[in-house]
Every structure is written in structure tokens, then in C-alpha cells.
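Participant: Have a look at this one.
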Amino acid sequence: MEEILDVYQEAFDDKHPLICMDEASRQVLDDVTPPLPMKPGAARRIDDKYERVEVRSLFMFYNPIAGWRRVGCRASRTRSDWAEELRQLLEVDYPHAERITLVCDNLNTHDLASLYFTFDAETAHRLARRVRLVYTPKNGSWLNMAEMELSLLSRQCLGTQRFRISAAMDSAIAAWERERNSRHCGTNWRFTTADARIKLKSLYPVPDIER
């Protein structure tokens, strides 16, 4: 935990940005019975029965300092999917960054080995040299700011909507992303290592000298 909190207190710049990433899955649903449209005095009514069309995998990359985010929408979340998303982060989103600090969880695909699994050795090595992976502790995913941004995406954009086709969901996510980026919505993280040692004191082991 303290490693993540210390990372958040480091100095970052355009050449060495901080990026938080997290993943989520979202069902694309279609109506079995067409909804009844709105009319004066009555809201739009939707039947509770639905049909699952497919599942989209969402890859959230979030720069909490610059207020930038990108959501990659894919049909799966394999090693190769993560590697391709990481390659876009390095070569398209931040082509001039010397090294990116990437905060993510301990999912087995979140490993530099995924680059070598997906690309040739030369490409994988070139990409791996430009990223520093920092993992959140087990049961500590709440320390990843990308998780909070995924929560906002769910509440502000996806909600309980039924998109019918994946293209409609992807389009809605892209519009949400553009709007948030245009306003540079970032995060003012205030929970520090010193705070953790006070507020989460019960989680720390007790030294023998204090027993």
C-alpha cells in the first residue's frame, strides 16, 4: 500500500507521466419486447426481460494529473488485448514520453511478458523499456484511481442503458471520454503514506518492542 501512496507523491511531467489503468466488463443488452415510448404524463417504459448480445471489455487508462483518459473497448481481455492497449498508450497517446509509470492491479495479463507473447522480441523490448509497472496490493484495488474513473463511467454514461449493439456502446463511451477530457477532469489525491499509518493503524503489524 505504501508503495502506491509514495508513487502518487512523486513528481511527474510530460516526459514521465503517471497513468493508472483498470479493466471492467460490460454486457451489451437488447430488448426482448420493444419499450413503450414516452407520452404526456407517462415515462418511457422498459420491460425487465432482455437479451445479452455480447460482452465488451473496457480498458481504462487515466492520467489523474493532466485530467486525461482513454477507454479501449474490445471483445476480449487476453494478454494480447492488454499488450495492444499498452502499445497504443506508449506509441499513440504518449509517443514522446521517456518512461510511463503505470499503476495497475495484479491480474496475470498485466505483465511485461504479455508484450513478448504478442509482439516480436525487438518490439516488446522497446516497449518494455518505456514503462514502469507498479501494482496495487491484493484487496487494495481502491488505491487505483482508474477504478474511480471506471465507476464514474458506469454512473454517468452506461448506467442501465441497453445499447443493442456494441458500436452504440463504444460510441457513447467515446463521447463521455471526449467530454471529460475537454474539461481536464483530474483527481486531487490527498490520502498520503502518513495518513495511512494513522487511519489504517490496525492493519500494520505490531513490532515486538510494543508487545
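Going by the C-alpha cells order, chains are called A, B, ..., each with residues numbered from 1, while ligands are numbered from 1 in the order shown.
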List every residue of stretch 2-126 of chain A that DSSP, applied to the backbone, labels as strand (DSSP E or B), and write the result as a ChimeraX atom specification.

Facilitator: /A:13,16,18-31,36,39,42,45,50-63,68-74,100-104

Participant: List as a list in words the protein and nucleic acid residues near stretch 192-201 of chain A, meaning an atom at most 10 Å away when only C-alpha atoms are counted, but skip any in the same chain fewer than 4 places from it.

Facilitator: Met1, Glu2, Glu3, Ile4, Leu5, Asp6, Tyr8, Gln9, Pro205 and Val206 of chain A

Participant: Taking only C-alpha atoms into account, which of A:Ala97, A:Phe61, A:Leu89, A:Ala42 comes nearest A:Asp13?

Facilitator: A:Ala97

Participant: Between A:Leu112, A:Ser141, A:Pro37, A:Arg164, which has the minimum distance to A:Trp82 (counting only C-alpha atoms)?

Facilitator: A:Leu112

Participant: Report as a Markdown table: every residue of stretch 34-116 of chain A with an atom at most 12 Å from stretch 169-183 of chain A, its closest pair of atoms, and their distance in Å to one decimal, counting only C-alpha atoms, with rows sorted by chain and ascending residue number.

Facilitator:
```
| residue | atom | partner | partner_atom | distance |
| --- | --- | --- | --- | --- |
| A:Val53 | CA | A:Met169 | CA | 11.7 |
| A:Glu54 | CA | A:Met169 | CA | 11.2 |
| A:Val55 | CA | A:Met169 | CA | 10.7 |
| A:Arg56 | CA | A:Met169 | CA | 8.8 |
| A:Ser57 | CA | A:Asp170 | CA | 10.6 |
| A:Leu58 | CA | A:Asp170 | CA | 9.6 |
| A:Phe59 | CA | A:Ile173 | CA | 11.4 |
| A:Met60 | CA | A:Glu177 | CA | 10.2 |
| A:Phe61 | CA | A:Glu177 | CA | 10.9 |
| A:Tyr62 | CA | A:Asn181 | CA | 10.2 |
| A:Asn63 | CA | A:Asn181 | CA | 10.2 |
| A:Pro64 | CA | A:Asn181 | CA | 11.0 |
| A:Ile65 | CA | A:Asn181 | CA | 11.9 |
| A:Ala66 | CA | A:Asn181 | CA | 9.1 |
| A:Gly67 | CA | A:Asn181 | CA | 6.4 |
| A:Trp68 | CA | A:Asn181 | CA | 5.3 |
| A:Arg69 | CA | A:Asn181 | CA | 6.6 |
| A:Arg70 | CA | A:Glu177 | CA | 6.6 |
| A:Val71 | CA | A:Glu177 | CA | 7.3 |
| A:Gly72 | CA | A:Asp170 | CA | 8.8 |
| A:Cys73 | CA | A:Asp170 | CA | 6.6 |
| A:Arg74 | CA | A:Asp170 | CA | 9.2 |
| A:Ala75 | CA | A:Asp170 | CA | 11.2 |
```

Participant: So the first atom is atom CA of A:Gln161 and the second is atom CA of A:Val28; what is the distance between them in Å, to one decimal place?

Facilitator: 8.9 Å

Participant: Have a look at A:Ser202, A:Ser76, A:Ser166, A:Asn106 and name the one nearest to A:Tyr135; count only C-alpha atoms.

Facilitator: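 Checking each of A:Ser202, A:Ser76, A:Ser166, A:Asn106 against A:Tyr135, counting only C-alpha atoms, the winner is A:Asn106.
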
Participant: Please provide the set of residues having any atom within 10 Å of A:Arg132, restricted to only C-alpha atoms, with same-chain residues fewer than 4 positions apart removed, written as a compact mmCIF listing (two decimals) with C-alpha atoms, in the first residue's frame.

Facilitator:
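What follows is the written file around_15.txt:
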```txt
# COMPACT_ATOMS: atom_id res chain seq x y z
CA LEU A 18 1.67 8.84 -14.24
CA ARG A 99 9.05 6.43 -19.36
CA ILE A 100 5.49 5.93 -18.10
CA THR A 101 4.68 4.89 -14.56
CA LEU A 102 1.68 2.57 -14.91
CA VAL A 103 -0.38 1.70 -11.83
CA LEU A 112 5.66 -7.29 -19.42
CA ALA A 128 9.04 -2.62 -22.06
```

Participant: I need the residue nearest A:Leu133 from this list: A:Phe117, A:Glu98, A:Arg190, A:Ile19. Use only C-alpha atoms for the distance.

Facilitator: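 Smallest distance to A:Leu133 is found for A:Ile19.
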
Participant: Would you mind writing down, as a list of chain:residue names, each residue of stretch 36-91 of chain A that DSSP on the backbone assigns to helix (DSSP H, G or I)?

Facilitator: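 DSSP-assigned helix (DSSP H, G or I) residues in stretch 36-91 of chain A: A:Arg79, A:Ser80, A:Asp81, A:Trp82, A:Ala83, A:Glu84, A:Glu85, A:Leu86, A:Arg87, A:Gln88, A:Leu89, A:Leu90, A:Glu91.
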
Participant: By how many Å are atom CA of A:Phe12 and atom CA of A:Glu91 apart?

Facilitator: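 Between these atoms lies a distance of 18.9 Å.
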